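One file, model_39.csv, is given below (CSV, N, CA and C atoms).
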```csv
chain,number,residue,atom,x,y,z
S,1,MET,N,-46.3,3.2,-67.1
S,1,MET,CA,-46.3,2.6,-65.8
S,1,MET,C,-47.4,1.7,-65.6
S,2,ALA,N,-47.4,1.0,-64.5
S,2,ALA,CA,-48.4,0.0,-64.2
S,2,ALA,C,-49.8,0.6,-64.1
S,3,ASP,N,-50.8,-0.1,-64.5
S,3,ASP,CA,-52.2,0.4,-64.5
S,3,ASP,C,-52.7,0.6,-63.0
S,4,LYS,N,-53.1,1.8,-62.7
S,4,LYS,CA,-53.5,2.1,-61.3
S,4,LYS,C,-54.7,1.2,-60.9
S,5,LEU,N,-55.5,1.0,-61.8
S,5,LEU,CA,-56.7,0.2,-61.5
S,5,LEU,C,-56.3,-1.3,-61.1
S,6,PHE,N,-55.1,-1.7,-61.5
S,6,PHE,CA,-54.7,-3.0,-61.1
S,6,PHE,C,-53.8,-3.1,-60.0
S,7,ASP,N,-52.6,-2.4,-60.0
S,7,ASP,CA,-51.6,-2.6,-58.9
S,7,ASP,C,-52.1,-2.1,-57.6
S,8,GLN,N,-52.7,-0.9,-57.5
S,8,GLN,CA,-53.2,-0.4,-56.3
S,8,GLN,C,-54.4,-1.2,-55.8
S,9,GLU,N,-55.4,-1.4,-56.6
S,9,GLU,CA,-56.5,-2.2,-56.2
S,9,GLU,C,-56.2,-3.6,-55.9
S,10,PHE,N,-55.2,-4.2,-56.5
S,10,PHE,CA,-54.7,-5.5,-56.1
S,10,PHE,C,-54.3,-5.6,-54.7
S,11,VAL,N,-53.4,-4.6,-54.3
S,11,VAL,CA,-53.0,-4.6,-52.9
S,11,VAL,C,-54.1,-4.4,-51.9
S,12,GLU,N,-55.0,-3.5,-52.2
S,12,GLU,CA,-56.2,-3.3,-51.3
S,12,GLU,C,-57.0,-4.5,-51.2
S,13,TYR,N,-57.3,-5.2,-52.3
S,13,TYR,CA,-58.1,-6.4,-52.3
S,13,TYR,C,-57.5,-7.5,-51.5
S,14,VAL,N,-56.2,-7.8,-51.7
S,14,VAL,CA,-55.5,-8.8,-50.9
S,14,VAL,C,-55.5,-8.5,-49.4
S,15,VAL,N,-55.1,-7.3,-49.1
S,15,VAL,CA,-55.0,-6.9,-47.7
S,15,VAL,C,-56.4,-6.9,-47.0
S,16,ARG,N,-57.4,-6.4,-47.7
S,16,ARG,CA,-58.7,-6.4,-47.0
S,16,ARG,C,-59.2,-7.8,-46.7
S,17,ALA,N,-58.7,-8.8,-47.5
S,17,ALA,CA,-59.1,-10.2,-47.2
S,17,ALA,C,-58.4,-10.8,-46.0
S,18,ILE,N,-57.4,-10.2,-45.5
S,18,ILE,CA,-56.6,-10.8,-44.4
S,18,ILE,C,-56.7,-10.0,-43.1
S,19,VAL,N,-57.3,-8.8,-43.1
S,19,VAL,CA,-57.4,-8.0,-41.9
S,19,VAL,C,-58.7,-8.1,-41.2
S,20,ASN,N,-58.8,-7.6,-40.0
S,20,ASN,CA,-60.1,-7.6,-39.2
S,20,ASN,C,-60.8,-6.3,-39.4
S,21,HIS,N,-60.1,-5.2,-39.9
S,21,HIS,CA,-60.8,-3.9,-40.2
S,21,HIS,C,-60.6,-3.5,-41.7
S,22,PRO,N,-61.3,-4.2,-42.6
S,22,PRO,CA,-61.1,-4.0,-44.0
S,22,PRO,C,-61.5,-2.5,-44.4
S,23,ASP,N,-62.4,-1.9,-43.7
S,23,ASP,CA,-62.8,-0.5,-44.1
S,23,ASP,C,-61.7,0.5,-43.8
S,24,ASP,N,-60.7,0.1,-43.0
S,24,ASP,CA,-59.6,1.0,-42.7
S,24,ASP,C,-58.4,0.9,-43.6
S,25,VAL,N,-58.5,0.0,-44.6
S,25,VAL,CA,-57.4,-0.2,-45.6
S,25,VAL,C,-57.5,0.9,-46.6
S,26,ARG,N,-56.3,1.6,-46.8
S,26,ARG,CA,-56.2,2.7,-47.7
S,26,ARG,C,-54.8,2.6,-48.3
S,27,THR,N,-54.7,3.0,-49.6
S,27,THR,CA,-53.4,3.1,-50.2
S,27,THR,C,-53.2,4.4,-50.9
S,28,ASP,N,-51.9,4.9,-50.9
S,28,ASP,CA,-51.5,6.0,-51.7
S,28,ASP,C,-50.6,5.5,-52.8
S,29,ARG,N,-50.6,6.1,-53.9
S,29,ARG,CA,-49.8,5.7,-55.1
S,29,ARG,C,-49.0,6.9,-55.6
S,30,ILE,N,-47.7,6.7,-55.6
S,30,ILE,CA,-46.8,7.7,-56.2
S,30,ILE,C,-46.0,7.1,-57.3
S,31,VAL,N,-45.9,7.9,-58.4
S,31,VAL,CA,-45.1,7.4,-59.6
S,31,VAL,C,-44.0,8.4,-59.8
S,32,ASP,N,-42.8,7.9,-59.9
S,32,ASP,CA,-41.6,8.8,-60.2
S,32,ASP,C,-40.7,8.1,-61.1
S,33,GLU,N,-39.5,8.6,-61.3
S,33,GLU,CA,-38.5,8.0,-62.2
S,33,GLU,C,-38.1,6.6,-61.8
S,34,ARG,N,-38.2,6.3,-60.5
S,34,ARG,CA,-37.8,5.0,-60.0
S,34,ARG,C,-38.9,4.0,-60.1
S,35,GLY,N,-40.1,4.4,-60.4
S,35,GLY,CA,-41.2,3.4,-60.5
S,35,GLY,C,-42.4,3.8,-59.7
S,36,VAL,N,-43.2,2.9,-59.3
S,36,VAL,CA,-44.4,3.1,-58.5
S,36,VAL,C,-44.2,2.7,-57.1
S,37,LEU,N,-44.6,3.6,-56.2
S,37,LEU,CA,-44.6,3.3,-54.7
S,37,LEU,C,-46.0,3.3,-54.2
S,38,ILE,N,-46.4,2.2,-53.7
S,38,ILE,CA,-47.8,2.1,-53.1
S,38,ILE,C,-47.5,2.0,-51.6
S,39,THR,N,-48.1,3.0,-50.9
S,39,THR,CA,-48.0,3.1,-49.4
S,39,THR,C,-49.3,2.6,-48.8
S,40,LEU,N,-49.3,1.6,-48.0
S,40,LEU,CA,-50.4,0.9,-47.4
S,40,LEU,C,-50.7,1.5,-46.0
S,41,HIS,N,-51.9,1.9,-45.8
S,41,HIS,CA,-52.3,2.4,-44.5
S,41,HIS,C,-53.4,1.4,-44.0
S,42,ILE,N,-53.2,0.9,-42.7
S,42,ILE,CA,-54.1,0.0,-42.2
S,42,ILE,C,-54.3,0.3,-40.7
S,43,ASN,N,-55.3,-0.3,-40.1
S,43,ASN,CA,-55.6,-0.2,-38.7
S,43,ASN,C,-54.4,-0.8,-37.9
S,44,PRO,N,-53.9,0.0,-36.9
S,44,PRO,CA,-52.7,-0.6,-36.2
S,44,PRO,C,-52.9,-2.0,-35.6
S,45,GLU,N,-54.2,-2.3,-35.3
S,45,GLU,CA,-54.5,-3.6,-34.7
S,45,GLU,C,-54.2,-4.7,-35.8
S,46,ASP,N,-54.2,-4.4,-37.0
S,46,ASP,CA,-54.1,-5.4,-38.1
S,46,ASP,C,-52.7,-5.5,-38.6
S,47,MET,N,-51.7,-4.8,-38.0
S,47,MET,CA,-50.4,-4.8,-38.4
S,47,MET,C,-49.8,-6.2,-38.4
S,48,GLY,N,-50.0,-7.0,-37.4
S,48,GLY,CA,-49.5,-8.3,-37.3
S,48,GLY,C,-50.0,-9.2,-38.4
S,49,TYR,N,-51.3,-9.1,-38.8
S,49,TYR,CA,-51.8,-9.9,-39.9
S,49,TYR,C,-51.1,-9.6,-41.2
S,50,VAL,N,-50.9,-8.3,-41.5
S,50,VAL,CA,-50.3,-7.9,-42.7
S,50,VAL,C,-48.8,-8.2,-42.8
S,51,ILE,N,-48.1,-8.0,-41.7
S,51,ILE,CA,-46.6,-8.3,-41.7
S,51,ILE,C,-46.4,-9.8,-41.6
S,52,GLY,N,-47.2,-10.5,-40.8
S,52,GLY,CA,-47.0,-12.0,-40.7
S,52,GLY,C,-45.9,-12.4,-39.9
S,53,ARG,N,-45.8,-13.7,-39.6
S,53,ARG,CA,-44.7,-14.2,-38.8
S,53,ARG,C,-43.4,-14.0,-39.6
S,54,GLN,N,-42.4,-13.3,-39.0
S,54,GLN,CA,-41.1,-13.0,-39.5
S,54,GLN,C,-41.2,-12.3,-40.9
S,55,GLY,N,-42.3,-11.6,-41.1
S,55,GLY,CA,-42.5,-10.8,-42.3
S,55,GLY,C,-42.9,-11.6,-43.5
S,56,GLN,N,-43.3,-12.8,-43.4
S,56,GLN,CA,-43.6,-13.7,-44.5
S,56,GLN,C,-44.8,-13.2,-45.3
S,57,THR,N,-45.9,-12.7,-44.7
S,57,THR,CA,-47.0,-12.2,-45.4
S,57,THR,C,-46.7,-11.0,-46.2
S,58,ALA,N,-46.1,-10.0,-45.6
S,58,ALA,CA,-45.7,-8.8,-46.3
S,58,ALA,C,-44.8,-9.1,-47.5
S,59,ARG,N,-43.8,-10.0,-47.3
S,59,ARG,CA,-42.9,-10.4,-48.4
S,59,ARG,C,-43.7,-11.1,-49.5
S,60,ALA,N,-44.7,-11.9,-49.2
S,60,ALA,CA,-45.5,-12.6,-50.2
S,60,ALA,C,-46.3,-11.5,-51.0
S,61,VAL,N,-46.9,-10.6,-50.3
S,61,VAL,CA,-47.7,-9.5,-51.0
S,61,VAL,C,-46.7,-8.7,-51.9
S,62,ARG,N,-45.5,-8.4,-51.4
S,62,ARG,CA,-44.6,-7.6,-52.2
S,62,ARG,C,-44.2,-8.4,-53.5
S,63,THR,N,-43.9,-9.7,-53.3
S,63,THR,CA,-43.6,-10.6,-54.4
S,63,THR,C,-44.7,-10.6,-55.5
S,64,LEU,N,-45.9,-10.8,-55.1
S,64,LEU,CA,-47.0,-10.8,-56.0
S,64,LEU,C,-47.1,-9.4,-56.7
S,65,LEU,N,-47.0,-8.3,-55.9
S,65,LEU,CA,-47.1,-7.0,-56.5
S,65,LEU,C,-46.0,-6.8,-57.5
S,66,LYS,N,-44.8,-7.3,-57.3
S,66,LYS,CA,-43.7,-7.1,-58.3
S,66,LYS,C,-44.1,-7.9,-59.6
S,67,ILE,N,-44.7,-9.0,-59.5
S,67,ILE,CA,-45.2,-9.8,-60.7
S,67,ILE,C,-46.2,-9.0,-61.4
S,68,VAL,N,-47.2,-8.4,-60.7
S,68,VAL,CA,-48.2,-7.5,-61.3
S,68,VAL,C,-47.5,-6.4,-62.1
S,69,GLY,N,-46.5,-5.8,-61.5
S,69,GLY,CA,-45.8,-4.7,-62.1
S,69,GLY,C,-45.0,-5.1,-63.3
S,70,ALA,N,-44.4,-6.3,-63.2
S,70,ALA,CA,-43.6,-6.8,-64.3
S,70,ALA,C,-44.4,-7.0,-65.6
S,71,LYS,N,-45.7,-7.4,-65.4
S,71,LYS,CA,-46.6,-7.6,-66.5
S,71,LYS,C,-46.8,-6.3,-67.3
S,72,GLU,N,-46.6,-5.1,-66.6
S,72,GLU,CA,-46.8,-3.8,-67.2
S,72,GLU,C,-45.4,-3.1,-67.4
S,73,ASN,N,-44.3,-3.9,-67.3
S,73,ASN,CA,-43.0,-3.3,-67.4
S,73,ASN,C,-42.7,-2.2,-66.4
S,74,ALA,N,-43.2,-2.3,-65.2
S,74,ALA,CA,-43.0,-1.3,-64.2
S,74,ALA,C,-42.4,-1.9,-62.9
S,75,ARG,N,-41.7,-1.1,-62.3
S,75,ARG,CA,-41.1,-1.5,-60.9
S,75,ARG,C,-42.1,-0.9,-59.9
S,76,VAL,N,-42.8,-1.9,-59.2
S,76,VAL,CA,-43.8,-1.5,-58.2
S,76,VAL,C,-43.3,-2.0,-56.8
S,77,ASN,N,-43.3,-1.1,-55.9
S,77,ASN,CA,-42.9,-1.4,-54.5
S,77,ASN,C,-44.0,-1.1,-53.5
S,78,LEU,N,-44.0,-1.8,-52.4
S,78,LEU,CA,-45.0,-1.6,-51.4
S,78,LEU,C,-44.3,-1.1,-50.1
S,79,LYS,N,-44.8,-0.1,-49.5
S,79,LYS,CA,-44.4,0.4,-48.2
S,79,LYS,C,-45.6,0.3,-47.3
S,80,ILE,N,-45.4,-0.3,-46.1
S,80,ILE,CA,-46.4,-0.4,-45.1
S,80,ILE,C,-46.2,0.7,-44.1
S,81,PHE,N,-47.2,1.6,-44.1
S,81,PHE,CA,-47.1,2.8,-43.2
S,81,PHE,C,-47.2,2.4,-41.8
S,82,GLU,N,-46.3,2.8,-41.0
S,82,GLU,CA,-46.3,2.5,-39.5
S,82,GLU,C,-46.3,3.9,-38.8
S,83,PRO,N,-47.4,4.2,-38.1
S,83,PRO,CA,-47.5,5.5,-37.4
S,83,PRO,C,-46.4,5.6,-36.3
S,84,GLU,N,-46.0,6.8,-36.1
S,84,GLU,CA,-45.0,7.0,-35.0
S,84,GLU,C,-45.4,6.5,-33.7
S,85,GLY,N,-44.6,5.7,-33.0
S,85,GLY,CA,-44.9,5.2,-31.7
S,85,GLY,C,-45.9,4.0,-31.7
S,86,SER,N,-46.1,3.4,-32.9
S,86,SER,CA,-47.1,2.3,-33.0
S,86,SER,C,-46.4,1.0,-32.5
S,87,ARG,N,-45.1,0.9,-32.5
S,87,ARG,CA,-44.5,-0.3,-32.0
S,87,ARG,C,-44.4,-0.3,-30.5
S,88,GLY,N,-45.1,-1.3,-30.0
S,88,GLY,CA,-45.0,-1.5,-28.5
S,88,GLY,C,-44.0,-2.6,-28.2
S,89,PRO,N,-43.8,-3.0,-27.0
S,89,PRO,CA,-42.9,-4.1,-26.7
S,89,PRO,C,-43.5,-5.4,-27.3
S,90,ARG,N,-42.7,-6.2,-27.9
S,90,ARG,CA,-43.2,-7.4,-28.5
S,90,ARG,C,-43.4,-8.5,-27.4
S,91,PRO,N,-44.5,-9.1,-27.4
S,91,PRO,CA,-44.8,-10.1,-26.3
S,91,PRO,C,-43.9,-11.3,-26.6
S,92,ARG,N,-43.4,-11.9,-25.5
S,92,ARG,CA,-42.5,-13.1,-25.7
S,92,ARG,C,-43.4,-14.4,-25.5
S,93,ALA,N,-43.0,-15.4,-26.3
S,93,ALA,CA,-43.7,-16.7,-26.2
S,93,ALA,C,-43.4,-17.2,-24.8
S,94,GLU,N,-44.5,-17.8,-24.2
S,94,GLU,CA,-44.4,-18.4,-22.9
S,94,GLU,C,-43.3,-19.5,-22.9
S,95,GLY,N,-42.4,-19.5,-21.9
S,95,GLY,CA,-41.4,-20.6,-21.8
S,95,GLY,C,-40.2,-20.3,-22.7
S,96,TYR,N,-40.1,-19.2,-23.3
S,96,TYR,CA,-38.9,-18.9,-24.1
S,96,TYR,C,-38.4,-17.5,-23.7
S,97,ALA,N,-37.2,-17.4,-23.1
S,97,ALA,CA,-36.7,-16.2,-22.6
S,97,ALA,C,-36.0,-15.3,-23.7
S,98,GLY,N,-35.7,-15.9,-24.8
S,98,GLY,CA,-35.0,-15.1,-25.8
S,98,GLY,C,-33.5,-15.3,-25.9
S,99,ARG,N,-32.9,-14.7,-26.8
S,99,ARG,CA,-31.4,-14.8,-27.1
S,99,ARG,C,-30.6,-14.2,-26.0
S,100,ASN,N,-31.0,-13.1,-25.4
S,100,ASN,CA,-30.2,-12.4,-24.5
S,100,ASN,C,-30.2,-13.0,-23.1
S,101,ASP,N,-31.1,-13.9,-22.8
S,101,ASP,CA,-31.1,-14.5,-21.5
S,101,ASP,C,-30.3,-15.8,-21.5
S,102,SER,N,-29.2,-15.8,-20.8
S,102,SER,CA,-28.3,-17.0,-20.8
S,102,SER,C,-28.8,-18.2,-20.1
S,103,SER,N,-29.9,-18.0,-19.3
S,103,SER,CA,-30.5,-19.2,-18.6
S,103,SER,C,-31.3,-20.0,-19.6
S,104,ALA,N,-31.7,-19.5,-20.7
S,104,ALA,CA,-32.5,-20.2,-21.7
S,104,ALA,C,-31.6,-20.7,-22.8
S,105,SER,N,-31.5,-22.0,-22.9
S,105,SER,CA,-30.6,-22.6,-23.9
S,105,SER,C,-31.2,-22.6,-25.3
S,106,GLN,N,-32.5,-22.8,-25.4
S,106,GLN,CA,-33.1,-22.8,-26.8
S,106,GLN,C,-34.6,-22.7,-26.6
S,107,ALA,N,-35.3,-22.5,-27.8
S,107,ALA,CA,-36.7,-22.4,-27.8
S,107,ALA,C,-37.3,-23.7,-27.6
S,108,PRO,N,-38.6,-23.8,-27.1
S,108,PRO,CA,-39.2,-25.1,-26.9
S,108,PRO,C,-39.2,-25.9,-28.2
S,109,ALA,N,-39.1,-27.2,-28.0
S,109,ALA,CA,-39.1,-28.1,-29.2
S,109,ALA,C,-40.5,-28.3,-29.8
S,110,TYR,N,-40.5,-28.5,-31.1
S,110,TYR,CA,-41.8,-28.7,-31.7
S,110,TYR,C,-42.1,-30.2,-31.7
S,111,HIS,N,-43.3,-30.5,-31.3
S,111,HIS,CA,-43.7,-31.9,-31.2
S,111,HIS,C,-44.9,-32.1,-32.0
S,112,SER,N,-44.8,-32.9,-33.1
S,112,SER,CA,-45.9,-33.2,-34.0
S,112,SER,C,-46.7,-34.4,-33.5
S,113,THR,N,-48.0,-34.2,-33.6
S,113,THR,CA,-48.9,-35.3,-33.2
S,113,THR,C,-49.4,-36.0,-34.5
S,114,ALA,N,-49.1,-35.4,-35.7
S,114,ALA,CA,-49.6,-35.9,-37.0
S,114,ALA,C,-48.8,-37.0,-37.5
S,115,ASP,N,-49.4,-37.9,-38.3
S,115,ASP,CA,-48.6,-38.9,-38.9
S,115,ASP,C,-47.9,-38.3,-40.1
S,116,GLU,N,-46.6,-38.3,-40.1
S,116,GLU,CA,-45.9,-37.6,-41.2
S,116,GLU,C,-45.3,-38.6,-42.2
S,117,ALA,N,-45.7,-39.9,-42.1
S,117,ALA,CA,-45.2,-40.9,-43.1
S,117,ALA,C,-45.7,-40.6,-44.5
S,118,SER,N,-46.9,-40.0,-44.7
S,118,SER,CA,-47.3,-39.7,-46.0
S,118,SER,C,-46.5,-38.6,-46.7
S,119,VAL,N,-46.0,-37.7,-45.9
S,119,VAL,CA,-45.2,-36.6,-46.4
S,119,VAL,C,-43.9,-37.1,-46.9
S,120,ASP,N,-43.3,-38.1,-46.2
S,120,ASP,CA,-42.0,-38.7,-46.6
S,120,ASP,C,-42.1,-39.3,-48.0
S,121,ASP,N,-43.3,-39.8,-48.4
S,121,ASP,CA,-43.5,-40.5,-49.7
S,121,ASP,C,-43.6,-39.5,-50.8
S,122,LEU,N,-43.7,-38.2,-50.6
S,122,LEU,CA,-43.9,-37.2,-51.6
S,122,LEU,C,-42.6,-37.0,-52.5
S,123,GLY,N,-41.5,-37.3,-51.9
S,123,GLY,CA,-40.2,-37.2,-52.6
S,123,GLY,C,-39.8,-35.7,-52.9
S,124,ILE,N,-40.2,-34.9,-52.0
S,124,ILE,CA,-39.9,-33.4,-52.1
S,124,ILE,C,-38.6,-33.2,-51.4
```
Using the file provided, produce a representation of the structure as structure tokens.
Amino acid sequence: MADKLFDQEFVEYVVRAIVNHPDDVRTDRIVDERGVLITLHINPEDMGYVIGRQGQTARAVRTLLKIVGAKENARVNLKIFEPEGSRGPRPRAEGYAGRNDSSASQAPAYHSTADEASVDDLGI
């Protein structure tokens, strides 16, 4: 299986770099027939930093962790521990009522003040 000193410490290193309470970062590692499961425990105030917008940060950490595991021919998964009752009501963006409100037709439009002409020349 994947080297404990690398997969578990990798997760701790990355997460400590993005949270406000790095001393509260802790991981548990379980190895079974399905592979390695790393459970991440963090300060509840840091949950948004680790999850990211629409789960992008958590997804990126999981992708990198799978690559780390693949180098050792191991299946490595990450579970982010969420204490019971830790989810409060999600704050809504100002000026956006959400999908269930029929009076709001759509989210506010994005208006860029940057010159985007140089991006168009990249050919991406």
*So which residues fall inside 8 Å of (-49.0, -3.3, -55.4) if we count all atoms listed in the file? Mind giving them as JSON, numbers by chain?*
{"S": [6, 7, 8, 9, 10, 11, 12, 36, 37, 38, 39, 61, 62, 64, 65, 66, 68, 69, 76, 77, 78, 79]}
Given the selection you just returned, output its residues as a file containing N, CA and C atoms, formatted as a PDB file, in the frame of the given file.
```pdb
ATOM      1  N   PHE S   6     -55.100  -1.700 -61.500  1.00  0.00           N
ATOM      2  CA  PHE S   6     -54.700  -3.000 -61.100  1.00  0.00           C
ATOM      3  C   PHE S   6     -53.800  -3.100 -60.000  1.00  0.00           C
ATOM      4  N   ASP S   7     -52.600  -2.400 -60.000  1.00  0.00           N
ATOM      5  CA  ASP S   7     -51.600  -2.600 -58.900  1.00  0.00           C
ATOM      6  C   ASP S   7     -52.100  -2.100 -57.600  1.00  0.00           C
ATOM      7  N   GLN S   8     -52.700  -0.900 -57.500  1.00  0.00           N
ATOM      8  CA  GLN S   8     -53.200  -0.400 -56.300  1.00  0.00           C
ATOM      9  C   GLN S   8     -54.400  -1.200 -55.800  1.00  0.00           C
ATOM     10  N   GLU S   9     -55.400  -1.400 -56.600  1.00  0.00           N
ATOM     11  CA  GLU S   9     -56.500  -2.200 -56.200  1.00  0.00           C
ATOM     12  C   GLU S   9     -56.200  -3.600 -55.900  1.00  0.00           C
ATOM     13  N   PHE S  10     -55.200  -4.200 -56.500  1.00  0.00           N
ATOM     14  CA  PHE S  10     -54.700  -5.500 -56.100  1.00  0.00           C
ATOM     15  C   PHE S  10     -54.300  -5.600 -54.700  1.00  0.00           C
ATOM     16  N   VAL S  11     -53.400  -4.600 -54.300  1.00  0.00           N
ATOM     17  CA  VAL S  11     -53.000  -4.600 -52.900  1.00  0.00           C
ATOM     18  C   VAL S  11     -54.100  -4.400 -51.900  1.00  0.00           C
ATOM     19  N   GLU S  12     -55.000  -3.500 -52.200  1.00  0.00           N
ATOM     20  CA  GLU S  12     -56.200  -3.300 -51.300  1.00  0.00           C
ATOM     21  C   GLU S  12     -57.000  -4.500 -51.200  1.00  0.00           C
ATOM     22  N   VAL S  36     -43.200   2.900 -59.300  1.00  0.00           N
ATOM     23  CA  VAL S  36     -44.400   3.100 -58.500  1.00  0.00           C
ATOM     24  C   VAL S  36     -44.200   2.700 -57.100  1.00  0.00           C
ATOM     25  N   LEU S  37     -44.600   3.600 -56.200  1.00  0.00           N
ATOM     26  CA  LEU S  37     -44.600   3.300 -54.700  1.00  0.00           C
ATOM     27  C   LEU S  37     -46.000   3.300 -54.200  1.00  0.00           C
ATOM     28  N   ILE S  38     -46.400   2.200 -53.700  1.00  0.00           N
ATOM     29  CA  ILE S  38     -47.800   2.100 -53.100  1.00  0.00           C
ATOM     30  C   ILE S  38     -47.500   2.000 -51.600  1.00  0.00           C
ATOM     31  N   THR S  39     -48.100   3.000 -50.900  1.00  0.00           N
ATOM     32  CA  THR S  39     -48.000   3.100 -49.400  1.00  0.00           C
ATOM     33  C   THR S  39     -49.300   2.600 -48.800  1.00  0.00           C
ATOM     34  N   VAL S  61     -46.900 -10.600 -50.300  1.00  0.00           N
ATOM     35  CA  VAL S  61     -47.700  -9.500 -51.000  1.00  0.00           C
ATOM     36  C   VAL S  61     -46.700  -8.700 -51.900  1.00  0.00           C
ATOM     37  N   ARG S  62     -45.500  -8.400 -51.400  1.00  0.00           N
ATOM     38  CA  ARG S  62     -44.600  -7.600 -52.200  1.00  0.00           C
ATOM     39  C   ARG S  62     -44.200  -8.400 -53.500  1.00  0.00           C
ATOM     40  N   LEU S  64     -45.900 -10.800 -55.100  1.00  0.00           N
ATOM     41  CA  LEU S  64     -47.000 -10.800 -56.000  1.00  0.00           C
ATOM     42  C   LEU S  64     -47.100  -9.400 -56.700  1.00  0.00           C
ATOM     43  N   LEU S  65     -47.000  -8.300 -55.900  1.00  0.00           N
ATOM     44  CA  LEU S  65     -47.100  -7.000 -56.500  1.00  0.00           C
ATOM     45  C   LEU S  65     -46.000  -6.800 -57.500  1.00  0.00           C
ATOM     46  N   LYS S  66     -44.800  -7.300 -57.300  1.00  0.00           N
ATOM     47  CA  LYS S  66     -43.700  -7.100 -58.300  1.00  0.00           C
ATOM     48  C   LYS S  66     -44.100  -7.900 -59.600  1.00  0.00           C
ATOM     49  N   VAL S  68     -47.200  -8.400 -60.700  1.00  0.00           N
ATOM     50  CA  VAL S  68     -48.200  -7.500 -61.300  1.00  0.00           C
ATOM     51  C   VAL S  68     -47.500  -6.400 -62.100  1.00  0.00           C
ATOM     52  N   GLY S  69     -46.500  -5.800 -61.500  1.00  0.00           N
ATOM     53  CA  GLY S  69     -45.800  -4.700 -62.100  1.00  0.00           C
ATOM     54  C   GLY S  69     -45.000  -5.100 -63.300  1.00  0.00           C
ATOM     55  N   VAL S  76     -42.800  -1.900 -59.200  1.00  0.00           N
ATOM     56  CA  VAL S  76     -43.800  -1.500 -58.200  1.00  0.00           C
ATOM     57  C   VAL S  76     -43.300  -2.000 -56.800  1.00  0.00           C
ATOM     58  N   ASN S  77     -43.300  -1.100 -55.900  1.00  0.00           N
ATOM     59  CA  ASN S  77     -42.900  -1.400 -54.500  1.00  0.00           C
ATOM     60  C   ASN S  77     -44.000  -1.100 -53.500  1.00  0.00           C
ATOM     61  N   LEU S  78     -44.000  -1.800 -52.400  1.00  0.00           N
ATOM     62  CA  LEU S  78     -45.000  -1.600 -51.400  1.00  0.00           C
ATOM     63  C   LEU S  78     -44.300  -1.100 -50.100  1.00  0.00           C
ATOM     64  N   LYS S  79     -44.800  -0.100 -49.500  1.00  0.00           N
ATOM     65  CA  LYS S  79     -44.400   0.400 -48.200  1.00  0.00           C
ATOM     66  C   LYS S  79     -45.600   0.300 -47.300  1.00  0.00           C
TER      67      LYS S  79
END
```
- Task: Rounded to one decimal place, report the CA of Arg29 (chain S)-atom N of Gly55 (chain S) distance in Å.
- Result: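 Interatomic distance here is 23.5 Å.
The spacing separating CA of Gly52 (chain S) from atom N of Lys71 (chain S) amounts to 25.2 Å.
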Computed gap from atom N of Ala17 (chain S) to atom N of Gln56 (chain S) is 16.4 Å
Using only N, CA and C atoms, find the one residue out of S:Val19, S:Ala70, S:Val31, S:Val14 that sits nearest to Met47 (chain S).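 Looking only at the distances to Met47 (chain S), the closest residue turns out to be S:Val19.
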Val25 (chain S) proximity check over S:Ile80, S:Ile67, S:Ala58, S:Ala74, using only C-alpha atoms: winner is S:Ile80
*At a cut-off of 8 Å from (-56.7, -9.0, -40.9) in the coordinates of the file, what residues are picked up using all atoms listed in the file, written as a PyMOL selection string?*
chain S and resi 15-22+45-50
- Using all atoms listed in the file, which residues sit within 7 Å of Phe81 (chain S) once same-chain residues fewer than 6 positions away are excluded, as a ChimeraX atom specification? /S:39-42
